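First up is the structure itself, then whatever we jot down about it.
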Amino acid sequence: MKKTKGTGVMLFGMFAIIVIIAVFILAGNGAKKEAASKEIRVGLLLYRGDDTFISTLRSYIEEKAKEYERTEGIKVTLDILDAKSNQNTQNNQVDRLLELGCNALCVNIVDRFAASVVIDKAMAADVPVIFFNREPVEEDMNRWEKLYYVGADAKESAVLEGKILVDAYRKDPASLDRNGDGTVSYVLLEGESNHQDSLIRTEWSIQTLKDGGVPLEKITGGIASWERSQASAMMEQWLTDYPDQIELVICNNDDMALGIVEACEENNISFDSLPIIGVDATEKGCQSVADGKMAFTIYQSGAGQGEYLIKAAARLAKGQSLEGMEYLSEDQKYVWVPFEKVDKSNVSQYQ
Ligand code: BGC
């Protein structure tokens, strides 16, 4: 009898201790969750910080993070690292940011065919990744449900660009076919050779012109890797090799279009007789349109992408899904922020 009573007391004591420990653990977890919902840490990895569009996007991301803090009352710590075009550097940066305890990573991958290393690391740490601007291949994107992509649909920008040119040609063929020989003779400047935006913008701008019935002749073209100085050097050469023959210059981005403008100014070429087209609507690109140098550009919304990245990263960091967010694809992995046309008539809205 005595023995039974003692055992009962002991069992009750043990039970009480277990209950107390459980209460402490649950309280601790609750406190951690509470902390996570009051503060999030986002790692931002840039392929190259001195790229004009990327540095603009970065500023928007910083601005939107501050705005998010103010409106949501949640502290956002942004850790920003520049890979300076080196994928190995970026892989090491991912390790560092995961060690620092980032709750979500926004990755502007250097080599979009080499995303698997970054994905392995993020999966091992169970940290969601939003790739942006440089799109990993589908096979990699499908490796895990916590992988997302935020960008702009390159085909959309190219078709928009092509349609503007088709309309101009239909209205007045001489606006593009200056010498009246029945064909529009163009040169085309491409960005990095493996970048989805170079490949798709190139293909669809030309395809749209052809579909629209504009007779075309490609004089020449080149890969200037998004860079102003490379584009300018190429154009200098082409103006010597093909004097008075170039009637249209199509560039995959504004920086290269600005390089073309520079070469034309050096060679006293009138902008009225040579339409130069870009994409991005960067600050300098817009200025060039306003000055009547570039004919038009297509606005790639750094503000829109920046805002989206912060809002999406915050949701994921808090363990929520992206469901219900604007522009989200059906499979809830891809986000395409729309483009807009910018010419002299509306450029002031973008400056
Ligand atoms: C932009 C380019 C930029 C590149 C970087 C493109 O979407 O149009 O200006 O250099 O992204 O990845």
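Ordering of the structure tokens sets the chain letters (A, B, ...), residue numbers begin anew at 1 in every chain, and ligands are numbered from 1 in the order given.
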Could you produce a table of the residues of chain A lying within 9 Å of ligand 1, with the nearest pair of atoms per residue and their separation in Å rounded to one decimal, using only C-alpha atoms and all ligand atoms, ordered by chain and increasing residue number, as a Markdown table?
| residue | atom | partner | partner_atom_place_in_ligand_line | distance |
| --- | --- | --- | --- | --- |
| A:Tyr47 | CA | ligand 1 | 12 (O) | 7.5 |
| A:Arg48 | CA | ligand 1 | 5 (C) | 8.1 |
| A:Asp51 | CA | ligand 1 | 10 (O) | 5.6 |
| A:Thr52 | CA | ligand 1 | 9 (O) | 6.4 |
| A:Phe53 | CA | ligand 1 | 9 (O) | 4.9 |
| A:Ile54 | CA | ligand 1 | 5 (C) | 6.3 |
| A:Asn108 | CA | ligand 1 | 12 (O) | 7.7 |
| A:Ile109 | CA | ligand 1 | 12 (O) | 8.7 |
| A:Val110 | CA | ligand 1 | 12 (O) | 8.3 |
| A:Phe132 | CA | ligand 1 | 12 (O) | 8.9 |
| A:Asn133 | CA | ligand 1 | 12 (O) | 5.7 |
| A:Arg134 | CA | ligand 1 | 12 (O) | 5.6 |
| A:Gly151 | CA | ligand 1 | 7 (O) | 7.9 |
| A:Ala152 | CA | ligand 1 | 7 (O) | 7.5 |
| A:Ala154 | CA | ligand 1 | 7 (O) | 7.9 |
| A:Gly191 | CA | ligand 1 | 10 (O) | 7.1 |
| A:Glu192 | CA | ligand 1 | 4 (C) | 8.2 |
| A:His195 | CA | ligand 1 | 12 (O) | 7.1 |
| A:Gln196 | CA | ligand 1 | 7 (O) | 8.5 |
| A:Asp197 | CA | ligand 1 | 7 (O) | 5.8 |
| A:Ser198 | CA | ligand 1 | 6 (C) | 7.8 |
| A:Ser225 | CA | ligand 1 | 10 (O) | 7.6 |
| A:Trp226 | CA | ligand 1 | 10 (O) | 5.0 |
| A:Glu227 | CA | ligand 1 | 10 (O) | 7.6 |
| A:Asn252 | CA | ligand 1 | 8 (O) | 6.7 |
| A:Asn253 | CA | ligand 1 | 8 (O) | 4.9 |
| A:Asp254 | CA | ligand 1 | 9 (O) | 6.6 |
| A:Asp255 | CA | ligand 1 | 9 (O) | 6.7 |
| A:Met256 | CA | ligand 1 | 9 (O) | 8.5 |
| A:Gly278 | CA | ligand 1 | 8 (O) | 8.8 |
| A:Val279 | CA | ligand 1 | 8 (O) | 6.0 |
| A:Asp280 | CA | ligand 1 | 8 (O) | 5.4 |
| A:Thr282 | CA | ligand 1 | 9 (O) | 8.4 |
| A:Gln300 | CA | ligand 1 | 8 (O) | 7.2 |
* To do: Taking the DSSP assignment computed from this structure's backbone, write out as a ChimeraX atom specification all residues of region 39-228 of chain A that belong to alpha helix (DSSP H).
  => /A:52-72,87-99,116-125,138-141,154-171,196-211,228
* Tell me, as a ChimeraX atom specification, which residues lie within 12 Å of Ala122 (chain A), counting only C-alpha atoms; anything in the same chain fewer than 3 positions away does not count. => /A:43,91,93-99,101-107,115-119,125-131,143-147
* To do: Might you pull out every residue within 12 Å of Asn346 (chain A), with only C-alpha atoms counted and same-chain residues fewer than 2 positions away left off, and present them as a ChimeraX atom specification?
  => /A:281,286-287,289-290,296-299,340-344,348-351
* To do: Give me every strand (DSSP E) residue in region 93-234 of chain A, going by DSSP on the backbone, as an MDAnalysis selection string.
  => chainID A and resid 104:107 129:132 147:151 184:190 216:223
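Between Gly49 (chain A) and the candidates A:Thr77, A:Asn86, A:Lys121, A:Tyr68, the tightest atom-to-atom separation, counting only C-alpha atoms, involves A:Asn86.
Close contacts of region 320-333 of chain A, defined as residues with an atom at most 8 Å away when counting only C-alpha atoms, with chain neighbours fewer than 4 positions off set aside, comprise Leu147, Tyr148, Tyr149, Ala312, Arg315, Leu316 and Val337 of chain A.
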Just N, CA and C atoms for this one: save the residues we selected as a JSON list (two decimals), in the first residue's frame.
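Saved result, out-v7.json, follows:
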[["chain", "number", "residue", "atom", "x", "y", "z"],
["A", 147, "LEU", "N", 11.03, 27.42, -54.89],
["A", 147, "LEU", "CA", 11.81, 28.20, -55.85],
["A", 147, "LEU", "C", 10.86, 29.04, -56.68],
["A", 148, "TYR", "N", 11.22, 30.34, -56.86],
["A", 148, "TYR", "CA", 10.35, 31.26, -57.59],
["A", 148, "TYR", "C", 11.19, 32.09, -58.55],
["A", 149, "TYR", "N", 10.49, 32.74, -59.50],
["A", 149, "TYR", "CA", 11.21, 33.65, -60.40],
["A", 149, "TYR", "C", 10.40, 34.93, -60.61],
["A", 312, "ALA", "N", 7.19, 39.50, -51.79],
["A", 312, "ALA", "CA", 7.21, 38.04, -51.89],
["A", 312, "ALA", "C", 8.21, 37.46, -50.89],
["A", 315, "ARG", "N", 6.75, 37.46, -47.42],
["A", 315, "ARG", "CA", 5.76, 36.39, -47.23],
["A", 315, "ARG", "C", 6.45, 35.04, -47.00],
["A", 316, "LEU", "N", 7.42, 34.76, -47.88],
["A", 316, "LEU", "CA", 8.10, 33.45, -47.79],
["A", 316, "LEU", "C", 8.87, 33.34, -46.48],
["A", 337, "VAL", "N", 6.30, 40.90, -64.48],
["A", 337, "VAL", "CA", 5.88, 42.29, -64.30],
["A", 337, "VAL", "C", 5.84, 42.94, -65.69]]
* Asked: Which is closest to Ser175 (chain A) among A:Ser232, A:Ser59, A:Ser157, A:Ser273, if we use only C-alpha atoms?
  -> A:Ser273
* **Shortest interatomic distance to Lys155 (chain A) - which of A:Arg178, A:Lys171, A:Arg201, A:Lys38, counting only C-alpha atoms** => A:Arg201
* Residues at most 12 Å from Pro243 (chain A), counting only C-alpha atoms, excluding those fewer than 3 positions away in the same chain, as a list of chain:residue names? ->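 After dropping sequence-adjacent residues, the list is A:Ile219, A:Met235, A:Glu236, A:Gln237, A:Trp238, A:Leu239, A:Thr240, A:Ile246, A:Glu247, A:Cys264, A:Asn267, A:Ile269.
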Give me a file of those residues, with all heavy atoms, as a CSV table (one decimal), in the first residue's frame.
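New file part.csv:
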chain,number,residue,atom,x,y,z
A,219,ILE,N,22.0,44.1,-92.0
A,219,ILE,CA,23.3,44.4,-92.5
A,219,ILE,C,24.4,43.7,-91.7
A,219,ILE,O,25.2,43.0,-92.2
A,219,ILE,CB,23.6,45.9,-92.4
A,219,ILE,CG1,22.6,46.7,-93.3
A,219,ILE,CG2,25.0,46.3,-92.8
A,219,ILE,CD1,22.8,48.1,-93.3
A,235,MET,N,29.6,50.2,-83.4
A,235,MET,CA,28.9,51.1,-84.3
A,235,MET,C,29.9,51.9,-85.1
A,235,MET,O,29.7,52.2,-86.3
A,235,MET,CB,27.9,51.9,-83.5
A,235,MET,CG,27.0,52.8,-84.4
A,235,MET,SD,25.9,51.7,-85.4
A,235,MET,CE,24.9,53.0,-86.2
A,236,GLU,N,31.0,52.4,-84.4
A,236,GLU,CA,32.0,53.2,-85.0
A,236,GLU,C,32.5,52.4,-86.3
A,236,GLU,O,32.7,52.9,-87.3
A,236,GLU,CB,33.2,53.4,-84.1
A,236,GLU,CG,33.0,54.4,-83.0
A,236,GLU,CD,33.2,55.8,-83.4
A,236,GLU,OE1,33.6,56.0,-84.6
A,236,GLU,OE2,32.9,56.7,-82.6
A,237,GLN,N,32.8,51.1,-86.0
A,237,GLN,CA,33.3,50.3,-87.1
A,237,GLN,C,32.3,50.1,-88.2
A,237,GLN,O,32.6,50.2,-89.4
A,237,GLN,CB,33.6,48.9,-86.5
A,237,GLN,CG,34.4,47.9,-87.5
A,237,GLN,CD,35.7,48.5,-88.0
A,237,GLN,OE1,36.5,49.1,-87.2
A,237,GLN,NE2,35.9,48.5,-89.3
A,238,TRP,N,31.0,49.9,-87.9
A,238,TRP,CA,30.0,49.7,-88.9
A,238,TRP,C,29.7,50.9,-89.7
A,238,TRP,O,29.4,50.9,-90.9
A,238,TRP,CB,28.6,49.2,-88.2
A,238,TRP,CG,28.8,47.9,-87.5
A,238,TRP,CD1,29.7,46.9,-87.7
A,238,TRP,CD2,27.9,47.4,-86.5
A,238,TRP,NE1,29.5,45.9,-86.9
A,238,TRP,CE2,28.4,46.1,-86.1
A,238,TRP,CE3,26.8,47.9,-85.8
A,238,TRP,CZ2,27.8,45.3,-85.1
A,238,TRP,CZ3,26.2,47.1,-84.8
A,238,TRP,CH2,26.7,45.8,-84.5
A,239,LEU,N,29.8,52.1,-89.0
A,239,LEU,CA,29.6,53.3,-89.8
A,239,LEU,C,30.7,53.5,-90.9
A,239,LEU,O,30.5,54.1,-91.9
A,239,LEU,CB,29.6,54.5,-88.8
A,239,LEU,CG,28.3,54.6,-88.0
A,239,LEU,CD1,28.4,55.7,-86.9
A,239,LEU,CD2,27.1,54.9,-88.8
A,240,THR,N,31.9,53.0,-90.6
A,240,THR,CA,33.0,53.0,-91.6
A,240,THR,C,32.7,51.9,-92.7
A,240,THR,O,32.9,52.2,-93.8
A,240,THR,CB,34.3,52.7,-90.9
A,240,THR,OG1,34.4,53.5,-89.7
A,240,THR,CG2,35.5,52.9,-91.8
A,246,ILE,N,22.9,52.1,-93.0
A,246,ILE,CA,22.1,51.6,-91.8
A,246,ILE,C,20.9,52.5,-91.6
A,246,ILE,O,21.0,53.7,-91.6
A,246,ILE,CB,23.0,51.6,-90.5
A,246,ILE,CG1,24.2,50.8,-90.8
A,246,ILE,CG2,22.2,51.1,-89.3
A,246,ILE,CD1,25.2,50.9,-89.7
A,247,GLU,N,19.7,51.9,-91.6
A,247,GLU,CA,18.4,52.6,-91.5
A,247,GLU,C,17.7,52.5,-90.2
A,247,GLU,O,16.8,53.2,-89.8
A,247,GLU,CB,17.5,52.2,-92.6
A,247,GLU,CG,18.0,52.6,-94.0
A,247,GLU,CD,17.2,52.1,-95.1
A,247,GLU,OE1,16.9,50.8,-95.1
A,247,GLU,OE2,16.8,52.8,-96.1
A,264,CYS,N,27.1,57.8,-83.1
A,264,CYS,CA,26.5,58.6,-84.1
A,264,CYS,C,26.9,60.1,-83.9
A,264,CYS,O,27.1,60.8,-84.9
A,264,CYS,CB,25.0,58.5,-84.1
A,264,CYS,SG,24.4,56.9,-84.7
A,267,ASN,N,30.2,60.8,-85.3
A,267,ASN,CA,30.2,60.8,-86.7
A,267,ASN,C,29.2,61.7,-87.4
A,267,ASN,O,28.9,61.6,-88.6
A,267,ASN,CB,30.0,59.4,-87.2
A,267,ASN,CG,31.2,58.5,-86.9
A,267,ASN,OD1,32.2,58.4,-87.7
A,267,ASN,ND2,31.2,57.8,-85.8
A,269,ILE,N,26.0,61.9,-87.3
A,269,ILE,CA,24.8,61.3,-88.0
A,269,ILE,C,23.6,61.9,-87.3
A,269,ILE,O,23.5,62.0,-86.1
A,269,ILE,CB,24.8,59.7,-87.7
A,269,ILE,CG1,26.1,59.1,-88.1
A,269,ILE,CG2,23.6,59.1,-88.3
A,269,ILE,CD1,26.3,58.8,-89.5
* To do: Give me the residues within 7 Å of Arg112 (chain A) as a list in words, counting only C-alpha atoms and dropping any in the same chain fewer than 6 places off.
  =>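 Final neighbour list, sorted by chain and number: Arg134, Glu135, Pro136 and Val137 of chain A.
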* To do: Name the closest residue to Thr56 (chain A) among the candidates A:Val214, A:Ala303, A:Leu188, A:Ala83; distances are taken between atoms, counting only C-alpha atoms.
  =>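 Using only C-alpha atoms, Thr56 (chain A) sits closest to A:Ala303.
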